[in-house]
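Below is one structure; the comments refer to it alone.
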Amino acid sequence: MLTFTIRRLLLSIPTLLLISLVIFGLLQLAPGDPMAQVPLTVPPDVKEKMRAALGLGEAWYIQYWKWLVQFFWIEPQVLIDHWFGTSFAEGKQRVLSWQTRSPVMDIVYQRIPQTLWVVGLAYIVGILIAIPIGIYSAYRHYSVFDQAGTFITMVGFSIPPFFTGPLLIVIFSVYLGWLPSIYDTLHVVNDWASFKVQFMQMIMPVMVLALQTTAQISRYMRGAMLDNLNQDYVRTARAKGLKEATVVMVHVVRNSMIPVVTVIALGMPAIFGGAIITENVFKVNGIGQLLLTWLFANDIPGVLTLTFIFAILIVLFNLIADILYGLLDPRIRYD
Amino acid sequence: MTETSDIETFGALQDKEPQKPPRSQWRDVWDQFRKHKGAVFGGGFLLFITLAVLLGPYLWDLDAKKLDIRNKDWRPIWTLIWDGEAKAGWAHPFGTDQLGRDILSQMLAGGRVSMAVGWFAMVLALVIGTAVGVAAGYFKRADFWLMRFTDLVLSLPLLPLVLLAVTLFRQPLNSFFGGPEAGMFVLIVSVIGLTSWMQTARIVRGDILALKEREFILAARSIGTTPGKIIRRHLLPNVISPIMVSATLGLATAIITESALSFLGVGFPSDYPTWGKLLADAVPRMQEYPERVLLPGIAISLTVLGVNYLGDGLRDALDPRIRGR
């Protein structure tokens with residue numbers, strides 16, 4: 001297992017390098033000129049200096065190499081400095097956003113808590129709803145509950161978040177006036193009343209995201225349960241005289257969780273990407289919304305870094321899913 | 001005693017006339033498909049929407065882009081049921097928008113674009129996915145690199161990349177194809193197609209790997225059939241069912257992705273209606289005119305729901321283990 005993990009970790013380095021090259025290449029090929037917004041009255045030699053200041057004067061491979069060094073060598077040093085109060089990164093060039101001229105990672109660092117709160121909580125809520133639904137639908141196969149559950153998961157699959165979001169806002173914020181339509185990130189929770197406000201403003205974005213998760217995970221859970229319920233070990237457990245609750249909840253659910261846990265791990269990065277739309281609808285200023293802002297502002301270092309962070313998340317969670325599968329299922333041996 | 005048993009053995013050895021004419025495979029598939037009510041409804045709805053957006057503009061021939069500022073902000077016809085004073089009427093059954101454009105014809109024109117993007121992107125993804133899957137499954141030398149490539153594409157952050165490509169490549173393609181609509185259409189279709197072929201490739205490769213070892217392929221090879229012929233005549237017809245199932249999934253995701261792009265404001269130009277665009281444009285004024293959000297939203301959701309149910313039914317109908325139960 002350890003050798004497998006190490007091998008996969010080593011293999012993920014060239015993968016990530018290739019991915020970064022693909023994203024970088026796409027941005028290089030793009031015709032957008034970051035100097036397009038500069039007034040025409042600015043003389044050409046000043047413009048040339050401005051380009052050089054943005055790091056645009058160099059050949060593409062030098063730009064790429066500098067970005068690699070900044071991202072993989074200097075930014076970790078900054079993080080270490082931040083944690084331990086050392087000064088490794090002092091005076092070194094960091095990845096700067098063109099839009100704000102401040103380090104990209106600082107902005108990402110400010111935005112991540114909002115995304116983690118909303119998206120992460122939505123994922124947990126979605127899983128907590130999905131697993132009981134999946135278990136019960138499979139246990140009562142073809143019952144009314146199962147039919148209804150299948151229908152609701154299908155609907156959850158099919159209704160896009162950019163429709164459920166506005167729909168919920170119209171119903172709960174406009175007509176009923178129960179919930180705020182905009183997520184206030186500056187809100188500080190320090191007592192019971194402010195916690196209530198925070199809770200109210202999180203309900204809608206969390207539920208919109210959770211609907212998608214629930215639909216996906218409960219389908220997998222149901223399928224896995226159905227596969228396991230007909231196995232011989234279930235009959236053995238019943239023949240031993242175990243209680244039905246023990247048979248289902250301990251024997252079957254534990255075995256059915258193996259594929260579901262991997263699906264949960266694989267879905268984590270997709271949730272970050274999918275949250276772009278939900279964050280936009282509810283005006284949550286997380287990293288999804290940040291990506292859109294930077295994209296429209298033609299902020300190439302920002303977009304490159306942020307997209308690459310998404311890629312790292314995907315590769316990392318793929319690896320975690322594989323390792324979890326090996327750990328949980330003794331039939332799978334990678335070595 | 002012995003005599004009767006002799007006769008019976010003799011009878012059993014005789015060829016009996018078949019009771020009824022043999023049934024073709026596709027008839028069995030159709031019979032199984034009909035049992036899945038959701039799939040029949042889904043398929044029916046997809047057919048209805050497709051016909052509506054294809055033929056609708058001929059039946060309801062108001063121009064979707066024609067401004068009629070005097071008749072702006074009509075409510076849909078059904079508001080008359082509870083509000084007799086409402087500005088509504090049969091001239092614009094779904095109402096008009098803030099510039100007086102007819103919403104019914106906008107929905108039809110928008111549906112045309114959304115469905116066209118969905119179909120073209122799905123076909124593109126299927127062609128790429130099948131080609132990669134067949135090549136990887138059949139040719140051992142290509143397998144490793146093609147599958148590594150598929151894994152690489154799978155670990156790209158797709159939605160951000162789609163956003164990136166559509167935002168950045170908008171201008172040059174517009175000038176290349178002469179007109180923002182054509183350029184955007186080609187761009188969106190190719191971007192969605194290029195980012196959604198991987199699942200098809202994986203499924204097809206797995207099936208081809210299993211089929212390749214079967215006797216009928218060995219037989220075909222032994223009489224000197226060329227690889228191209230084997231793939232076309234023997235392998236592709238046998239992987240048609242997973243391809244059809246992933247086609248439905250592809251259509252659903254393509255429609256949703258296109259609408260999401262339009263919703264985020266990076267899709268088609270602003271005067272060019274698609275369902276996602278109509279929805280996005282209506283969101284700022286959805287308090288006064290909720291129907292303008294609801295109509296395109298319901299159209300997208302029902303179409304995707306129908307396609308998903310169709311896929312579910314197709315999967316059951318095309319699986320010989322489930323069929324006939």
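Letters for chains follow the order of the structure tokens (A, B, ...), residue numbers begin at 1 for each chain, and ligand numbers begin at 1 in the order shown.
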- Which chain B residues are at most 6 Å from chain A (counting only C-alpha atoms), as number ranges by chain? B: 155-157, 168, 297, 301, 304-305
- Leaving out Asp106 (chain A) and any residue of its chain fewer than 5 positions from it, which residues lie within 10 Å of it when counting only C-alpha atoms, given as a PyMOL selection string? chain A and resi 75+78+95-97+111
- Task: Considering only C-alpha atoms, return as a VMD selection string whatever protein or nucleic-acid residues lie within 8 Å of Ile243 (chain B), sequence-local ones (same chain, fewer than 5 positions apart) excluded.
- Result: chain B and resid 126 130 200 204
Serialized selection, C-alpha atoms, as a JSON list (two decimals), in the first residue's frame:
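So out36.json came out as:
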[["chain", "number", "residue", "atom", "x", "y", "z"],
["B", 126, "LEU", "CA", -19.34, 10.47, -29.17],
["B", 130, "THR", "CA", -15.65, 6.10, -29.69],
["B", 200, "THR", "CA", -17.48, 7.23, -23.58],
["B", 204, "VAL", "CA", -16.00, 1.67, -25.19]]
- Item | Residues within 10 Å of Phe71 (chain A), only C-alpha atoms, excluding chain neighbours under 6 positions, as a list in words |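 Answer for this query is Trp65, Gln77, Arg94, Val95, Met105, Thr305 and Phe308 of chain A.
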Same residues, N, CA and C atoms, saved as a compact mmCIF listing (two decimals), in the first residue's frame:
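Result saved to again29.txt:
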# COMPACT_ATOMS: atom_id res chain seq x y z
N TRP A 65 8.50 29.03 -16.77
CA TRP A 65 9.46 28.60 -15.76
C TRP A 65 9.38 29.49 -14.52
N GLN A 77 7.24 28.65 0.60
CA GLN A 77 8.06 29.36 1.60
C GLN A 77 7.24 30.42 2.31
N ARG A 94 6.65 37.04 -5.77
CA ARG A 94 5.53 36.10 -5.70
C ARG A 94 4.66 36.22 -6.95
N VAL A 95 3.69 35.30 -7.08
CA VAL A 95 2.75 35.40 -8.21
C VAL A 95 1.83 36.57 -7.92
N MET A 105 -1.99 34.36 -4.14
CA MET A 105 -2.30 33.41 -3.08
C MET A 105 -2.91 34.09 -1.86
N THR A 305 -3.20 30.42 -11.84
CA THR A 305 -2.97 29.85 -10.51
C THR A 305 -4.23 29.18 -9.97
N PHE A 308 -5.12 26.04 -11.76
CA PHE A 308 -4.17 24.99 -11.38
C PHE A 308 -4.48 24.45 -9.98
- Item | Polymer residues at most 10 Å from Gly89 (chain B), only C-alpha atoms, same-chain spacing of 6 or more positions, as an MDAnalysis selection string | chainID B and resid 74:80 95
- Would you return as a PyMOL selection string the members of region 195-305 of chain B that DSSP assigns to alpha helix (DSSP H) on this structure's backbone? chain B and resi 198-212+215-222+227-229+240-264+275-282+290-305
- Message: List the spatial neighbours of Phe139 (chain B) as a PyMOL selection string - criterion: any atom at most 12 Å away, only C-alpha atoms, same-chain residues fewer than 4 positions off excluded.
- Response: chain B and resi 131-135+143-147+205+208-209+212+227-228+231
For the residues in that selection, give me N, CA and C atoms as a CSV table (one decimal), in the first residue's frame.
chain,number,residue,atom,x,y,z
B,131,ALA,N,-13.8,6.8,-31.1
B,131,ALA,CA,-12.6,6.6,-31.8
B,131,ALA,C,-11.4,6.3,-30.9
B,132,VAL,N,-11.3,7.1,-29.8
B,132,VAL,CA,-10.3,6.9,-28.8
B,132,VAL,C,-10.5,5.5,-28.1
B,133,GLY,N,-11.7,5.2,-27.8
B,133,GLY,CA,-12.0,4.0,-27.1
B,133,GLY,C,-11.7,2.8,-28.0
B,134,VAL,N,-12.1,2.8,-29.2
B,134,VAL,CA,-11.8,1.7,-30.1
B,134,VAL,C,-10.3,1.5,-30.4
B,135,ALA,N,-9.7,2.6,-30.6
B,135,ALA,CA,-8.2,2.6,-30.9
B,135,ALA,C,-7.5,2.0,-29.7
B,143,ASP,N,-2.8,1.7,-26.6
B,143,ASP,CA,-3.6,1.7,-25.4
B,143,ASP,C,-3.1,2.6,-24.3
B,144,PHE,N,-1.8,2.3,-24.0
B,144,PHE,CA,-1.2,3.0,-22.8
B,144,PHE,C,-1.3,4.5,-22.9
B,145,TRP,N,-0.8,5.0,-24.1
B,145,TRP,CA,-0.7,6.4,-24.2
B,145,TRP,C,-2.1,7.1,-24.3
B,146,LEU,N,-3.0,6.4,-25.0
B,146,LEU,CA,-4.4,7.0,-25.2
B,146,LEU,C,-5.1,7.0,-23.8
B,147,MET,N,-4.9,6.0,-23.0
B,147,MET,CA,-5.6,6.0,-21.7
B,147,MET,C,-4.9,7.0,-20.8
B,205,ARG,N,-13.7,1.4,-24.6
B,205,ARG,CA,-12.4,0.6,-24.5
B,205,ARG,C,-12.6,-0.7,-23.7
B,208,ILE,N,-14.6,-3.1,-25.8
B,208,ILE,CA,-13.8,-3.7,-26.9
B,208,ILE,C,-12.7,-4.7,-26.4
B,209,LEU,N,-12.1,-4.4,-25.3
B,209,LEU,CA,-11.1,-5.3,-24.7
B,209,LEU,C,-11.7,-6.6,-24.5
B,212,LYS,N,-12.8,-8.4,-28.0
B,212,LYS,CA,-11.7,-8.7,-28.8
B,212,LYS,C,-11.2,-10.2,-28.6
B,227,PRO,N,-8.1,-5.2,-39.9
B,227,PRO,CA,-8.5,-4.6,-38.7
B,227,PRO,C,-9.7,-3.6,-38.9
B,228,GLY,N,-9.6,-2.8,-39.9
B,228,GLY,CA,-10.6,-1.8,-40.2
B,228,GLY,C,-12.0,-2.4,-40.3
B,231,ILE,N,-13.3,-3.9,-37.0
B,231,ILE,CA,-13.8,-2.8,-36.2
B,231,ILE,C,-15.2,-2.4,-36.7
- With only C-alpha atoms as the basis for distance, which of A:Thr293, A:Gln70, A:Thr278, A:Ser102 is at the shortest distance from Pro205 (chain A)?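 Distance minimum relative to Pro205 (chain A) lands on A:Thr278.
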- Query: Skipping near chain neighbours, those fewer than 3 positions away, what residues fall within 12 Å of region 187-190 of chain A using only C-alpha atoms, listed as an MDAnalysis selection string?
  - Reply: chainID A and resid 114 182:184 193:202 284
- Task: Find, counting only C-alpha atoms, the residue in B:Ile300, B:Leu211, B:Ala121, B:Ile49 that gets nearest to Val191 (chain B).
- Result: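 For Val191 (chain B), the nearest of the given residues is B:Ala121.
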